[in-house]
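Peer 1: Questions regarding the structure given below will be posed in turn.
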Amino acid sequence: MAMGRCAPGTICFGEGILARRRFDPATPRCSRHWAVSFGHFVGVVAAATGPEVQFTDITWSARVNFKHENSATSNKYLLETMGGGVTLLDHDNEGRLAIFFTNGAKIDDPMPDGKLPDKSDRRFWNRPYHQNTDGTFTDVTEKAGLTGMAQNYYTMGVAVGDYDNDGFEDTYLTGCGGNTLYRNNGDGTFTDVTKRAGVSAGRWSASAGFFVTRYVNWSFRNNRYCGEQKPGLRAYCHPDNFRGVANILSHNNGDGTFTDVSAEADIANPKAKDWAYLSPTMTATVSPTSLLPTIRCRVSCTTTMEMARLPKSACPQALPTMMDGKALAAMGIDFSDFDNDVRRILWSRIFPTNAITSTATSASGMRPTRLAWAA
C-alpha cells in the first residue's frame, strides 16, 4: 500500500480500496494516529499533532469494481497464493491518474504439461480504469488493448515509465512465465513491444522498477506435494522447497531495445528470492537506493551509481532482523513521511508473523523505530 501524502478532498488508493481524505473541523487538535493496513494487519502509529484525519470508502461510487482472481486448485500451485499489483498512471496526459490492476489467469486442475494459464475469460483480464472529470472511473481494458489474453501470463506486478521519451507513460507487467512491455501509442491504446525490446525475462518475475525482481524457480511441472498424504490435507509448499532465481537489470539502449547487464551490476544472485521492490532516496548521501524484501532472507539493499557496480557499503545498516539477529521473511515494502517531519519511514511487511517493521531516516542515516504485531 502506498502511504504517500493525500491532499484533503482528493482521491487516494490503497489495498484495493479507494478513499477520500477529509479533515473533521469539529475534532480538537490533538495527537492523531494513522491506521496502516498491510493485508490482514493493522498497525496504529502515533503521528504529529493536527486535526483528525478520516477516510471514506468510495470504491463503489467511483465505479471501480475490480476483483482479483487467483484460480485456486486442489493441486495447491504456489502461484495461487499471490495477489496482483496495482499502479497509478496518467496514460493520456490529462492530469488525472488512472488505476491499473494486474490479474491472475485460469489454471487447470491439474495443469497439463506445456500449457499456459488462460486469460480468455473476462474475469481474468488485467484492468485499467480511466479517471473521469467527476472522480468516477471507466474500465478501458478492451480499448487500451491491455487484457493480457495474447500473452496468457499469470500477471503479478506493474511498473510505469516513459522508456522511449515520447511523452507518454508506458507500462511493464511482470508475471509467471514471462513479462510484457506495452508501449503507449498516445491515443489511449498500447502495443506489446516485448519481443523487439528484449525484456520478456521468463520464469517467475514479481516486481519491477529500476530492475526486475524474480521470486523462486517454480513451475507447474516442479510443483511439489506438501502436507499430509490424506484427502483434503494437501498444503501449499513453503518457498524453501524451491531454489531462488536471479534478478534482472536491463539497460535502455535508447533505440527501443534493452541489454541485460545484471551480471555487470552484481545483482544476478541465483539464490535470490526477491519479492517487492522499492527505489527511494533514503538519505542525502545515498541516492538512489533499491530495497528488496525477500523470503527467508534479509531485506537486501543495493545502491545504483550510474550503472556501475552496486556497492553494499553505501547501504544503511539498520534494516530489519529478528531480536536474535536472524533474518526476517519480508514481502511488502514502502517509504513514507507519515508525520510530515521531512524524515521518511521505511515500512516492511513481515511474513508469516503479520508484523511490520518501521525504520526512520535522519540526516545521519536510518535507525529502527519499532516492531508492530498483529492483534
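If you're wondering about the labels, chains in the C-alpha cells are A, B, ... by order shown, residues count from 1 in each chain, ligands from 1 in order shown.
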Quick one: which segment 58-170 of chain A residues come within 10 Å of segment 247-261 of chain A, and what is the nearest atom pair for each with the distance in Å to one decimal, counting only C-alpha atoms, rows ordered by chain and ascending number, as CSV?
Peer 2:
residue,atom,partner,partner_atom,distance
A:Tyr163,CA,A:Asn252,CA,7.6
A:Asp164,CA,A:Gly256,CA,6.3
A:Asn165,CA,A:Gly254,CA,9.0
Peer 1: Using DSSP on the backbone coordinates, identify the residues of segment 94-275 of chain A assigned to helix (DSSP H, G or I); present them as JSON, numbers by chain.
Peer 2: {"A": [122, 123, 124, 141, 142, 143, 144, 194, 195, 196, 197, 239, 240, 241]}
Peer 1: Work out how far apart atom CA of Phe211 of chain A and atom CA of Met82 of chain A are and give it in Å to one decimal.
Peer 2: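 Distance between the two atoms: 20.3 Å.
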Peer 1: Hey, what's within 7 Å of Arg243 of chain A if we count only C-alpha atoms and toss same-chain stuff fewer than 5 positions away? As a VMD selection string, please?
Peer 2: chain A and resid 216 to 217 271
Peer 1: Write out as a list in words the set of residues from segment 88-155 of chain A that DSSP, computed on the backbone, places in strand (DSSP E).
Peer 2: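 Strand (DSSP E) assignments inside segment 88-155 of chain A correspond to Leu88, Leu89, Ala98, Ile99, Phe100, Phe101, Arg127, Pro128, Tyr129, His130, Gln131, Phe137, Thr138, Asp139, Tyr154 and Thr155 of chain A.
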Peer 1: Contacts between segment 69-76 of chain A and segment 168-250 of chain A, please, where a residue of segment 168-250 of chain A counts if it comes within 8 Å (with only C-alpha atoms); show its shortest atom pair and distance in Å to one decimal, rows by chain and ascending number, as CSV.
Peer 2:
residue,atom,partner,partner_atom,distance
A:Arg234,CA,A:Lys76,CA,7.3
A:Ala235,CA,A:Lys76,CA,6.4
A:Tyr236,CA,A:Lys76,CA,5.2
A:Cys237,CA,A:Lys76,CA,8.0
Peer 1: Selection from above, N, CA and C atoms, as a PDB file, in the first residue's frame, can you write it?
Peer 2:
ATOM      1  N   ARG A 234      -3.707 -31.704   1.592  1.00  0.00           N
ATOM      2  CA  ARG A 234      -2.575 -31.165   0.836  1.00  0.00           C
ATOM      3  C   ARG A 234      -2.433 -29.675   1.147  1.00  0.00           C
ATOM      4  N   ALA A 235      -1.200 -29.196   1.239  1.00  0.00           N
ATOM      5  CA  ALA A 235      -0.947 -27.798   1.597  1.00  0.00           C
ATOM      6  C   ALA A 235      -0.060 -27.136   0.545  1.00  0.00           C
ATOM      7  N   TYR A 236      -0.057 -25.802   0.568  1.00  0.00           N
ATOM      8  CA  TYR A 236       0.856 -25.073  -0.303  1.00  0.00           C
ATOM      9  C   TYR A 236       2.279 -25.214   0.243  1.00  0.00           C
ATOM     10  N   CYS A 237       3.229 -25.442  -0.645  1.00  0.00           N
ATOM     11  CA  CYS A 237       4.616 -25.618  -0.230  1.00  0.00           C
ATOM     12  C   CYS A 237       5.242 -24.293   0.178  1.00  0.00           C
TER      13      CYS A 237
END
Peer 1: Do a neighbour search on segment 88-92 of chain A at 9 Å with only C-alpha atoms, toss out local chain neighbours closer than 4 positions, and write the hits as a list in words.
Peer 2: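 The residues that qualify are Phe13, Arg96, Leu97, Ala98, Ile99, Phe100, His130, Val160, Phe168, Glu169, Asp170, Asn184, Gly186, Asp187 and Gly188 of chain A.
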Peer 1: Output the selection as a PDB file, in the first residue's frame - C-alpha atoms for each residue.
Peer 2:
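To be explicit, this is the file written out as selection.pdb:
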ATOM      1  CA  PHE A  13      -5.743   4.429  -3.286  1.00  0.00           C
ATOM      2  CA  ARG A  96      -5.870  12.718 -13.843  1.00  0.00           C
ATOM      3  CA  LEU A  97      -4.479   9.420 -12.559  1.00  0.00           C
ATOM      4  CA  ALA A  98      -5.820   6.166 -13.947  1.00  0.00           C
ATOM      5  CA  ILE A  99      -5.695   2.905 -11.969  1.00  0.00           C
ATOM      6  CA  PHE A 100      -4.141  -0.238 -13.419  1.00  0.00           C
ATOM      7  CA  HIS A 130      -9.566   5.796 -16.700  1.00  0.00           C
ATOM      8  CA  VAL A 160       5.264   2.685 -15.265  1.00  0.00           C
ATOM      9  CA  PHE A 168       3.580   9.116 -22.810  1.00  0.00           C
ATOM     10  CA  GLU A 169       3.829   6.679 -19.904  1.00  0.00           C
ATOM     11  CA  ASP A 170       4.419   3.069 -20.907  1.00  0.00           C
ATOM     12  CA  ASN A 184       1.795   3.804 -25.071  1.00  0.00           C
ATOM     13  CA  GLY A 186      -0.569   8.234 -27.290  1.00  0.00           C
ATOM     14  CA  ASP A 187      -4.177   7.641 -28.331  1.00  0.00           C
ATOM     15  CA  GLY A 188      -5.368   5.599 -25.366  1.00  0.00           C
TER      16      GLY A 188
END
Peer 1: One decimal, Å: what's the distance from atom CA of Leu233 of chain A over to atom CA of Tyr77 of chain A, could you say?
Peer 2: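 We find that atom CA of Leu233 of chain A and atom CA of Tyr77 of chain A lie 14.1 Å from each other.
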Peer 1: Using only C-alpha atoms, which protein or nucleic acid residues come within 7 Å of Thr189 of chain A? Drop anything in the same chain fewer than 6 positions from it, and give the result as a list in words.
Peer 2: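 Near neighbours after the sequence-gap exclusion: Lys143, Ala144 and Gly145 of chain A.
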Peer 1: What gap, in Å, lies between atom CA of Leu173 of chain A and atom CA of Ser61 of chain A?
Peer 2: 28.0 Å
